[in-house]
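my_file_36.cif (mmCIF, C-alpha atoms and all ligand atoms) appears below.
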data_work
loop_
_atom_site.label_atom_id
_atom_site.label_comp_id
_atom_site.auth_asym_id
_atom_site.auth_seq_id
_atom_site.Cartn_x
_atom_site.Cartn_y
_atom_site.Cartn_z
CA PHE F 1 -23.66 5.27 -7.03
CA SER F 2 -22.75 3.35 -10.15
CA ALA F 3 -19.26 1.92 -10.55
CA PRO F 4 -17.37 3.48 -13.46
CA PRO F 5 -17.39 1.32 -16.64
CA PRO F 6 -14.40 -1.02 -16.87
CA SER F 7 -11.60 0.72 -18.68
CA THR F 8 -11.12 -0.56 -22.19
CA ASP F 9 -7.91 1.41 -22.50
CA LEU F 10 -5.59 0.00 -19.79
CA ILE F 11 -2.25 1.76 -19.53
CA THR F 12 0.20 -0.96 -18.58
CA LEU F 13 3.77 -0.19 -17.48
CA THR F 14 5.14 -1.50 -20.76
CA ARG F 15 2.77 0.67 -22.79
CA HIS F 16 3.62 3.69 -20.64
CA VAL F 17 7.38 3.21 -21.02
CA LEU F 18 6.95 2.71 -24.78
CA SER F 19 5.01 5.99 -24.98
CA GLN F 20 7.89 7.73 -23.18
CA GLN F 21 10.41 6.02 -25.46
CA TYR F 22 8.72 7.59 -28.49
CA THR F 23 9.30 11.04 -26.98
CA LEU F 24 13.02 10.18 -26.92
CA GLY F 25 12.90 10.18 -30.73
CA ASP F 26 14.51 7.70 -33.08
CA ASN F 27 17.68 7.28 -31.07
CA ALA F 28 15.70 5.23 -28.55
CA SER F 29 16.70 1.67 -29.30
CA GLY F 30 14.00 0.12 -27.15
CA ASP F 31 16.72 -1.44 -24.99
CA LEU F 32 15.66 0.48 -21.87
CA THR F 33 12.06 -0.59 -22.46
CA LEU F 34 13.17 -4.22 -22.64
CA LEU F 35 15.34 -3.80 -19.53
CA LEU F 36 12.41 -2.33 -17.60
CA THR F 37 10.27 -5.26 -18.77
CA ALA F 38 12.84 -7.64 -17.27
CA ILE F 39 12.75 -5.65 -14.01
CA GLN F 40 8.96 -5.86 -14.00
CA VAL F 41 9.16 -9.66 -14.22
CA THR F 42 11.58 -9.79 -11.27
CA SER F 43 9.20 -7.65 -9.22
CA LYS F 44 6.27 -9.96 -9.96
CA TYR F 45 8.37 -13.02 -9.07
CA ILE F 46 9.75 -11.51 -5.85
CA ALA F 47 6.23 -10.35 -4.93
CA SER F 48 4.92 -13.90 -5.28
CA ASN F 49 7.74 -15.21 -3.08
CA VAL F 50 7.21 -12.52 -0.43
CA ARG F 51 3.46 -13.29 -0.41
CA LYS F 52 3.94 -17.01 0.18
CA ALA F 53 7.16 -16.69 2.21
CA ARG F 54 5.56 -17.62 5.49
CA LEU F 55 3.78 -20.57 3.88
CA ILE F 56 6.82 -22.15 2.25
CA ASN F 57 9.19 -21.36 5.11
CA LEU F 58 11.09 -18.65 3.22
CA VAL F 59 11.23 -16.35 6.20
CA GLY F 60 14.08 -16.47 8.60
CA LEU F 61 17.83 -16.39 8.21
CA ALA F 62 19.83 -17.87 5.39
CA GLY F 63 22.66 -18.51 7.83
CA GLU F 64 25.07 -16.21 5.93
CA GLN F 65 26.34 -12.66 6.55
CA ASN F 66 26.52 -10.20 3.66
CA VAL F 67 29.18 -7.56 2.97
CA GLN F 68 27.15 -5.19 5.12
CA GLY F 69 27.69 -7.49 8.09
CA GLU F 70 23.96 -8.16 8.13
CA ASP F 71 22.43 -11.58 8.65
CA GLN F 72 21.05 -12.37 5.21
CA LYS F 73 17.43 -13.43 5.16
CA LYS F 74 16.48 -16.28 2.83
CA LEU F 75 14.41 -13.81 0.81
CA ASP F 76 17.41 -11.43 0.53
CA VAL F 77 19.39 -14.21 -1.11
CA LEU F 78 16.52 -15.48 -3.26
CA SER F 79 15.57 -11.97 -4.46
CA ASP F 80 19.21 -11.25 -5.30
CA GLN F 81 19.52 -14.44 -7.35
CA ILE F 82 16.22 -13.78 -9.15
CA MET F 83 17.39 -10.30 -10.17
CA VAL F 84 20.94 -11.19 -11.21
CA ASN F 85 19.67 -14.08 -13.36
CA ALA F 86 16.89 -12.05 -15.00
CA LEU F 87 19.06 -8.98 -15.64
CA ARG F 88 21.83 -11.12 -17.16
CA ALA F 89 19.27 -12.98 -19.31
CA SER F 90 17.83 -9.66 -20.54
CA GLY F 91 21.03 -9.19 -22.57
CA LYS F 92 20.84 -5.44 -21.79
CA CYS F 93 23.32 -5.17 -18.92
CA ALA F 94 27.09 -4.81 -18.63
CA VAL F 95 27.53 -4.22 -14.87
CA LEU F 96 25.32 -5.11 -11.89
CA VAL F 97 25.73 -3.93 -8.29
CA THR F 98 23.59 -5.55 -5.59
CA GLU F 99 23.50 -5.00 -1.86
CA GLU F 100 23.92 -8.74 -1.37
CA ARG F 101 27.21 -9.20 -3.25
CA GLU F 102 30.56 -7.74 -2.19
CA GLU F 103 31.80 -7.35 -5.76
CA ALA F 104 30.05 -5.97 -8.84
CA VAL F 105 28.86 -8.51 -11.45
CA PHE F 106 30.45 -7.94 -14.89
CA ILE F 107 28.56 -9.44 -17.82
CA GLY F 108 30.11 -10.47 -21.14
CA GLN F 109 33.64 -10.49 -19.77
CA GLY F 110 33.72 -14.19 -19.10
CA GLY F 111 36.53 -14.39 -21.60
CA ASP F 112 34.88 -17.42 -23.13
CA GLY F 113 33.70 -15.07 -25.91
CA GLY F 114 30.71 -17.33 -26.14
CA GLU F 115 27.21 -17.06 -24.74
CA ASP F 116 28.31 -14.73 -21.96
CA GLN F 117 29.71 -12.24 -24.47
CA ARG F 118 26.42 -12.12 -26.38
CA MET F 119 24.53 -11.37 -23.15
CA LYS F 120 26.30 -8.07 -22.61
CA GLY F 121 24.27 -4.85 -23.02
CA ASN F 122 24.69 -1.12 -22.54
CA TYR F 123 23.11 -0.59 -19.13
CA CYS F 124 24.25 -0.92 -15.52
CA VAL F 125 21.71 -1.70 -12.83
CA VAL F 126 22.41 -0.99 -9.15
CA PHE F 127 19.83 -2.54 -6.86
CA ASP F 128 18.70 -3.47 -3.38
CA PRO F 129 16.87 -6.70 -4.10
CA LEU F 130 14.99 -6.73 -0.82
CA ASP F 131 14.78 -3.51 1.17
CA GLY F 132 13.52 -3.56 4.74
CA SER F 133 14.24 -7.26 5.12
CA SER F 134 14.43 -6.98 8.92
CA ASN F 135 10.66 -6.46 8.69
CA ILE F 136 9.94 -9.62 6.68
CA ASP F 137 9.19 -11.93 9.59
CA ALA F 138 6.65 -9.42 10.92
CA GLY F 139 4.81 -9.20 7.60
CA VAL F 140 5.62 -5.48 7.24
CA ASN F 141 6.05 -3.90 3.79
CA VAL F 142 9.35 -4.59 2.03
CA GLY F 143 10.53 -3.69 -1.45
CA THR F 144 13.10 -3.65 -4.24
CA ILE F 145 15.00 -0.48 -5.20
CA PHE F 146 16.89 0.02 -8.50
CA GLY F 147 18.82 2.66 -10.42
CA ILE F 148 19.98 2.47 -14.04
CA TYR F 149 23.07 4.03 -15.69
CA LYS F 150 23.95 3.77 -19.37
CA VAL F 151 27.58 2.63 -19.84
CA LYS F 152 29.94 5.47 -20.69
CA GLU F 153 30.87 6.00 -24.37
CA GLY F 154 33.31 3.31 -25.45
CA SER F 155 33.27 1.57 -22.08
CA LYS F 156 33.44 -2.22 -21.92
CA GLY F 157 31.61 -2.18 -18.60
CA SER F 158 33.69 -1.36 -15.52
CA LEU F 159 33.31 0.09 -12.03
CA GLY F 160 33.71 3.52 -13.63
CA ASP F 161 30.27 3.03 -15.17
CA VAL F 162 28.62 2.83 -11.72
CA LEU F 163 30.85 4.96 -9.47
CA ARG F 164 29.30 8.16 -10.76
CA PRO F 165 26.88 10.81 -9.45
CA GLY F 166 23.22 9.79 -9.29
CA SER F 167 22.43 12.70 -11.59
CA GLU F 168 23.82 10.53 -14.42
CA MET F 169 21.17 7.82 -13.91
CA VAL F 170 18.74 7.38 -16.83
CA ALA F 171 16.02 5.78 -14.70
CA ALA F 172 15.24 4.80 -11.12
CA GLY F 173 12.40 3.16 -9.28
CA TYR F 174 11.20 0.79 -6.61
CA THR F 175 8.61 -1.91 -6.13
CA MET F 176 6.85 -2.09 -2.78
CA TYR F 177 5.42 -5.44 -1.64
CA GLY F 178 2.58 -4.53 0.68
CA SER F 179 -1.21 -4.81 0.70
CA SER F 180 -0.79 -4.38 -3.06
CA CYS F 181 2.31 -4.49 -5.26
CA ASN F 182 3.25 -0.95 -6.33
CA LEU F 183 5.98 -0.11 -8.82
CA VAL F 184 7.05 3.55 -8.89
CA LEU F 185 9.30 4.63 -11.77
CA SER F 186 10.94 7.63 -13.37
CA THR F 187 12.86 7.71 -16.66
CA GLY F 188 13.59 11.42 -16.21
CA GLN F 189 10.16 12.64 -17.30
CA GLY F 190 8.37 12.76 -13.93
CA VAL F 191 7.28 9.95 -11.61
CA ASN F 192 4.51 7.43 -12.26
CA GLY F 193 3.06 4.71 -10.01
CA PHE F 194 1.73 1.35 -11.15
CA THR F 195 -0.25 -1.28 -9.27
CA LEU F 196 0.05 -4.98 -10.08
CA ASP F 197 -3.24 -6.47 -11.28
CA GLU F 198 -2.53 -10.09 -10.38
CA SER F 199 -5.37 -11.38 -12.55
CA LEU F 200 -3.66 -9.87 -15.60
CA GLY F 201 -0.07 -10.09 -14.37
CA GLU F 202 0.30 -6.49 -15.51
CA PHE F 203 1.34 -3.31 -13.70
CA ILE F 204 -1.45 -0.77 -14.38
CA LEU F 205 -0.92 3.02 -14.23
CA THR F 206 -2.72 4.08 -11.03
CA HIS F 207 -0.68 7.09 -9.84
CA PRO F 208 0.12 9.24 -12.90
CA ASP F 209 2.54 12.14 -12.43
CA ILE F 210 3.22 11.86 -8.67
CA ARG F 211 4.03 15.34 -7.28
CA LEU F 212 5.27 15.96 -3.74
CA PRO F 213 3.30 18.58 -1.78
CA GLU F 214 5.45 21.71 -1.15
CA ARG F 215 5.18 21.02 2.59
CA GLY F 216 3.85 18.06 4.58
CA LYS F 217 2.91 17.30 8.18
CA ILE F 218 4.84 14.06 8.74
CA TYR F 219 8.43 13.41 9.77
CA SER F 220 10.02 9.97 9.44
CA PHE F 221 13.23 9.41 11.44
CA ASN F 222 14.37 6.54 13.67
CA GLU F 223 14.40 8.58 16.89
CA GLY F 224 15.87 5.58 18.66
CA ASN F 225 19.17 7.02 17.44
CA SER F 226 18.51 10.45 19.03
CA MET F 227 21.33 10.20 21.57
CA HIS F 228 23.79 10.06 18.68
CA PHE F 229 22.20 12.81 16.53
CA HIS F 230 24.22 15.90 15.61
CA GLU F 231 22.97 19.30 16.87
CA PRO F 232 21.38 20.44 13.53
CA THR F 233 19.30 17.24 13.38
CA LYS F 234 18.20 17.64 17.00
CA LYS F 235 17.35 21.33 16.53
CA TYR F 236 15.36 20.59 13.37
CA LEU F 237 13.33 17.86 15.09
CA GLU F 238 12.69 20.17 18.08
CA SER F 239 11.39 22.81 15.64
CA ILE F 240 8.67 20.51 14.27
CA LYS F 241 7.83 18.77 17.57
CA PHE F 242 7.48 22.01 19.54
CA PRO F 243 6.56 24.50 16.78
CA SER F 244 5.73 28.13 17.60
CA ASN F 245 2.40 27.68 15.73
CA GLY F 246 1.41 24.96 18.20
CA LYS F 247 0.83 22.39 15.44
CA PRO F 248 3.44 19.61 15.78
CA TYR F 249 4.18 17.20 12.93
CA SER F 250 3.09 13.55 13.11
CA ALA F 251 5.74 10.82 13.44
CA ARG F 252 5.59 7.87 11.04
CA TYR F 253 8.49 5.38 10.78
CA ILE F 254 8.03 1.95 9.20
CA GLY F 255 11.70 0.98 9.04
CA SER F 256 11.57 -0.10 5.40
CA MET F 257 12.98 2.73 3.29
CA VAL F 258 10.71 1.82 0.36
CA ALA F 259 7.58 2.13 2.53
CA ASP F 260 8.72 5.34 4.28
CA VAL F 261 9.70 6.97 0.97
CA HIS F 262 6.50 5.79 -0.78
CA ARG F 263 4.37 7.43 1.94
CA THR F 264 6.53 10.59 1.76
CA LEU F 265 6.12 10.83 -2.05
CA LEU F 266 2.33 10.47 -1.73
CA TYR F 267 1.61 12.41 1.48
CA GLY F 268 4.60 14.80 1.69
CA GLY F 269 6.78 15.60 4.69
CA ILE F 270 10.37 14.54 5.35
CA PHE F 271 12.21 11.22 5.62
CA GLY F 272 15.64 11.17 7.21
CA TYR F 273 18.39 8.71 8.02
CA PRO F 274 20.99 11.18 9.38
CA GLY F 275 24.70 10.77 9.83
CA ASP F 276 25.37 10.81 13.58
CA LYS F 277 28.15 10.40 16.15
CA LYS F 278 27.88 6.60 15.99
CA SER F 279 27.51 6.34 12.19
CA PRO F 280 28.94 9.51 10.55
CA ASN F 281 27.72 8.36 7.12
CA GLY F 282 24.35 7.14 8.37
CA LYS F 283 23.15 3.70 7.26
CA LEU F 284 21.70 3.98 3.77
CA ARG F 285 23.82 2.97 0.78
CA ILE F 286 24.50 5.57 -1.91
CA LEU F 287 24.13 3.57 -5.11
CA TYR F 288 21.05 1.46 -4.52
CA GLU F 289 19.13 3.30 -1.81
CA ALA F 290 20.01 7.02 -1.69
CA PHE F 291 20.52 7.73 -5.41
CA PRO F 292 17.33 6.05 -6.73
CA MET F 293 15.16 7.59 -3.98
CA ALA F 294 16.80 11.01 -4.46
CA TYR F 295 16.24 10.76 -8.23
CA LEU F 296 12.53 9.98 -7.71
CA THR F 297 12.17 12.72 -5.06
CA GLU F 298 13.61 15.40 -7.37
CA GLN F 299 11.54 14.15 -10.33
CA ALA F 300 8.46 14.53 -8.09
CA GLY F 301 9.40 18.13 -7.24
CA GLY F 302 11.12 17.53 -3.89
CA ILE F 303 14.66 17.87 -2.48
CA ALA F 304 17.15 15.16 -1.43
CA THR F 305 20.22 16.20 0.55
CA THR F 306 22.94 14.81 2.84
CA GLY F 307 22.24 17.89 5.00
CA THR F 308 25.06 19.81 3.35
CA GLN F 309 25.09 18.54 -0.27
CA ARG F 310 22.60 17.54 -3.00
CA ILE F 311 22.61 13.73 -2.91
CA LEU F 312 22.62 13.33 -6.70
CA ASP F 313 25.84 15.38 -6.93
CA VAL F 314 27.78 13.00 -4.65
CA GLN F 315 30.65 11.15 -6.38
CA PRO F 316 30.69 7.65 -4.85
CA THR F 317 34.05 5.95 -4.26
CA GLY F 318 32.78 2.52 -3.23
CA ILE F 319 29.82 0.44 -4.40
CA HIS F 320 28.55 -0.12 -0.82
CA GLN F 321 29.43 3.33 0.52
CA ARG F 322 26.87 4.91 2.85
CA LEU F 323 25.74 8.51 3.29
CA PRO F 324 23.28 10.60 5.29
CA VAL F 325 19.85 11.01 3.64
CA PHE F 326 17.14 13.64 4.09
CA LEU F 327 14.45 13.79 1.40
CA GLY F 328 10.88 14.94 0.83
CA SER F 329 8.81 18.09 0.45
CA LYS F 330 10.81 21.08 -0.73
CA GLU F 331 9.95 23.40 2.19
CA ASP F 332 10.45 20.74 4.85
CA VAL F 333 13.89 19.73 3.56
CA GLN F 334 14.88 23.39 3.11
CA ASP F 335 14.01 23.92 6.82
CA LEU F 336 16.32 21.01 7.69
CA ILE F 337 19.13 22.38 5.49
CA SER F 338 18.88 25.78 7.23
CA PHE F 339 19.82 24.13 10.57
CA TYR F 340 22.93 22.62 8.95
CA GLU F 341 23.82 25.98 7.40
CA GLN F 342 23.57 27.66 10.81
CA GLU F 343 26.11 25.16 12.13
CA SER F 344 28.70 25.67 9.37
P1 LIG F 401 17.92 -3.41 3.87
O1 LIG F 401 16.83 -4.23 4.47
O2 LIG F 401 17.91 -3.41 2.37
O3 LIG F 401 19.27 -3.75 4.45
O4 LIG F 401 17.62 -1.87 4.21
C1 LIG F 401 17.22 -1.56 5.50
C2 LIG F 401 17.31 -0.08 5.68
C3 LIG F 401 16.12 0.69 5.12
O5 LIG F 401 15.16 -0.13 4.53
C4 LIG F 401 15.51 1.36 6.32
O6 LIG F 401 15.20 2.69 6.05
C5 LIG F 401 16.61 1.29 7.35
O7 LIG F 401 17.37 0.14 7.05
C6 LIG F 401 16.04 1.15 8.73
O8 LIG F 401 17.16 1.15 9.61
P2 LIG F 401 16.88 1.19 11.19
O9 LIG F 401 16.22 -0.12 11.52
O10 LIG F 401 18.25 1.36 11.77
O11 LIG F 401 16.00 2.38 11.44
MN MN F 402 20.26 -5.52 4.10
MN MN F 403 17.70 -1.37 1.81
MN MN F 404 18.27 -5.03 1.14
#

Step by step, read the file and then write its structure as structure tokens.
Amino acid sequence: FSAPPPSTDLITLTRHVLSQQYTLGDNASGDLTLLLTAIQVTSKYIASNVRKARLINLVGLAGEQNVQGEDQKKLDVLSDQIMVNALRASGKCAVLVTEEREEAVFIGQGGDGGEDQRMKGNYCVVFDPLDGSSNIDAGVNVGTIFGIYKVKEGSKGSLGDVLRPGSEMVAAGYTMYGSSCNLVLSTGQGVNGFTLDESLGEFILTHPDIRLPERGKIYSFNEGNSMHFHEPTKKYLESIKFPSNGKPYSARYIGSMVADVHRTLLYGGIFGYPGDKKSPNGKLRILYEAFPMAYLTEQAGGIATTGTQRILDVQPTGIHQRLPVFLGSKEDVQDLISFYEQES
């Protein structure tokens, strides 16, 4: 067996995004490409901090609570600061929403008309700087999730530019910090996965055109919440745990949405964080968890629903609003939806 010759034609993330920009014709200003380059840099920087976290005592609590009422981890705070600073410095953003800040960040409205004004751009980035942070101290995969809107025509950058259906996003993606650093991205022309080559400092195209299998064999729910589940959720889970064909699904639940969704995109099946009697809207946040992951799921040929509504059609009313999430292989999610339809 001889190893294949080293590629002399590496497709880096930047090159890939540029190639997609050309398909957008002349009206592509290159601003999105530059914004995605800034996001790439934040992913590399956060990855390096996650990798050495346990060595430089970056694990553990920051001693603060965030708007979610969660104990912020030091890496939550650090990752948030890295992203806000880099996105502001990119000069391509007007509004930022981050899980770790109660209010949105408005750029170029400092009123000083000076440097801040020049830094304002035409995009809004909604992001979860560190997803799955409860898993950090155990060394389990964590990640960063982001979604990108273009500001509305004539807008100076306001909440109205981000409180809109996920279907209006122009791009979405995540970076997963695990055994390797994987960045998965869609700009509306399918889904592509990149792996960080640390020797080059470049994300290399390793998973071109990710497509979800029509049906999978894995379900991914936190069944520790079963006593609170609504009937349709319980009946759906029964149907795949005690199937008439005698072939039950496998259970896989990592507890970091990025890792559970990444596995679902690659292997198929269904991921769910349902609304239940204790938390009617579930746990996951619309703007920076549900919308980006629903966008990627649909771009990969799957379905993402609240159980009764397409997630990307939801009109958010608050930047930290939550909603139920079921996403994955088309046939699996359609099975789930049928149990909700029976109830209504
Ligand atoms: P975050 O760490 O950004 O607050 O997100 C945690 C979320 C998500 O990553 C995961 O799917 C979910 O919390 C797990 O919740 P449970 O521990 O309740 O299952
Ligand atoms: Mn959190
Ligand atoms: Mn999260
Ligand atoms: Mn988070």

From the list F:Leu200, F:Val105, F:Leu265, F:Val258, the nearest residue to ligand MN 403 (chain F) using all atoms listed in the file is F:Val258

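The two atoms in question, atom CA of F:Tyr219 and atom O3 of ligand LIG 401 (chain F), are spaced 21.0 Å apart.
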
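For the pair atom CA of F:Gly173 and atom CA of F:Leu13, the interatomic distance is 12.4 Å.
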
Checklist entry - Hey, what's within 8 Å of F:Leu205 if we count all atoms listed in the file and toss same-chain stuff fewer than 2 positions away? As number ranges by chain, please? => result F: 10-13, 16, 192-195, 203, 207-208

Using all atoms listed in the file, the shortest atom-to-atom distance to F:Ile148 among F:Gly216, F:Gly91, F:Pro292, F:Gly302 belongs to F:Pro292

_Exercise answer, 8 Å around ligand MN 404 (chain F) with all atoms listed in the file, as a ChimeraX atom specification_ = /F:76,99-100,128-133,144

Of F:Ser180, F:Ser244, F:Thr317, F:Asn135, the one sitting nearest ligand MN 402 (chain F) when using all atoms listed in the file is F:Asn135

May I have the residues within 9 Å of stretch 182-189 of chain F as an NGL selection string, using all atoms listed in the file and disregarding those fewer than 5 positions away in the same chain? :F and (13 or 17 or 20 or 40 or 43 or 169-177 or 194-196 or 203 or 207 or 262 or 295-296 or 299)

For the selection you just gave me, I'd like the residues written to a file as a PDB file, in the coordinates of the input, keeping C-alpha atoms.
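Saved result, part_34.pdb, follows:
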ATOM      1  CA  LEU F  13       3.770  -0.190 -17.480  1.00  0.00           C
ATOM      2  CA  VAL F  17       7.380   3.210 -21.020  1.00  0.00           C
ATOM      3  CA  GLN F  20       7.890   7.730 -23.180  1.00  0.00           C
ATOM      4  CA  GLN F  40       8.960  -5.860 -14.000  1.00  0.00           C
ATOM      5  CA  SER F  43       9.200  -7.650  -9.220  1.00  0.00           C
ATOM      6  CA  MET F 169      21.170   7.820 -13.910  1.00  0.00           C
ATOM      7  CA  VAL F 170      18.740   7.380 -16.830  1.00  0.00           C
ATOM      8  CA  ALA F 171      16.020   5.780 -14.700  1.00  0.00           C
ATOM      9  CA  ALA F 172      15.240   4.800 -11.120  1.00  0.00           C
ATOM     10  CA  GLY F 173      12.400   3.160  -9.280  1.00  0.00           C
ATOM     11  CA  TYR F 174      11.200   0.790  -6.610  1.00  0.00           C
ATOM     12  CA  THR F 175       8.610  -1.910  -6.130  1.00  0.00           C
ATOM     13  CA  MET F 176       6.850  -2.090  -2.780  1.00  0.00           C
ATOM     14  CA  TYR F 177       5.420  -5.440  -1.640  1.00  0.00           C
ATOM     15  CA  PHE F 194       1.730   1.350 -11.150  1.00  0.00           C
ATOM     16  CA  THR F 195      -0.250  -1.280  -9.270  1.00  0.00           C
ATOM     17  CA  LEU F 196       0.050  -4.980 -10.080  1.00  0.00           C
ATOM     18  CA  PHE F 203       1.340  -3.310 -13.700  1.00  0.00           C
ATOM     19  CA  HIS F 207      -0.680   7.090  -9.840  1.00  0.00           C
ATOM     20  CA  HIS F 262       6.500   5.790  -0.780  1.00  0.00           C
ATOM     21  CA  TYR F 295      16.240  10.760  -8.230  1.00  0.00           C
ATOM     22  CA  LEU F 296      12.530   9.980  -7.710  1.00  0.00           C
ATOM     23  CA  GLN F 299      11.540  14.150 -10.330  1.00  0.00           C
TER      24      GLN F 299
END
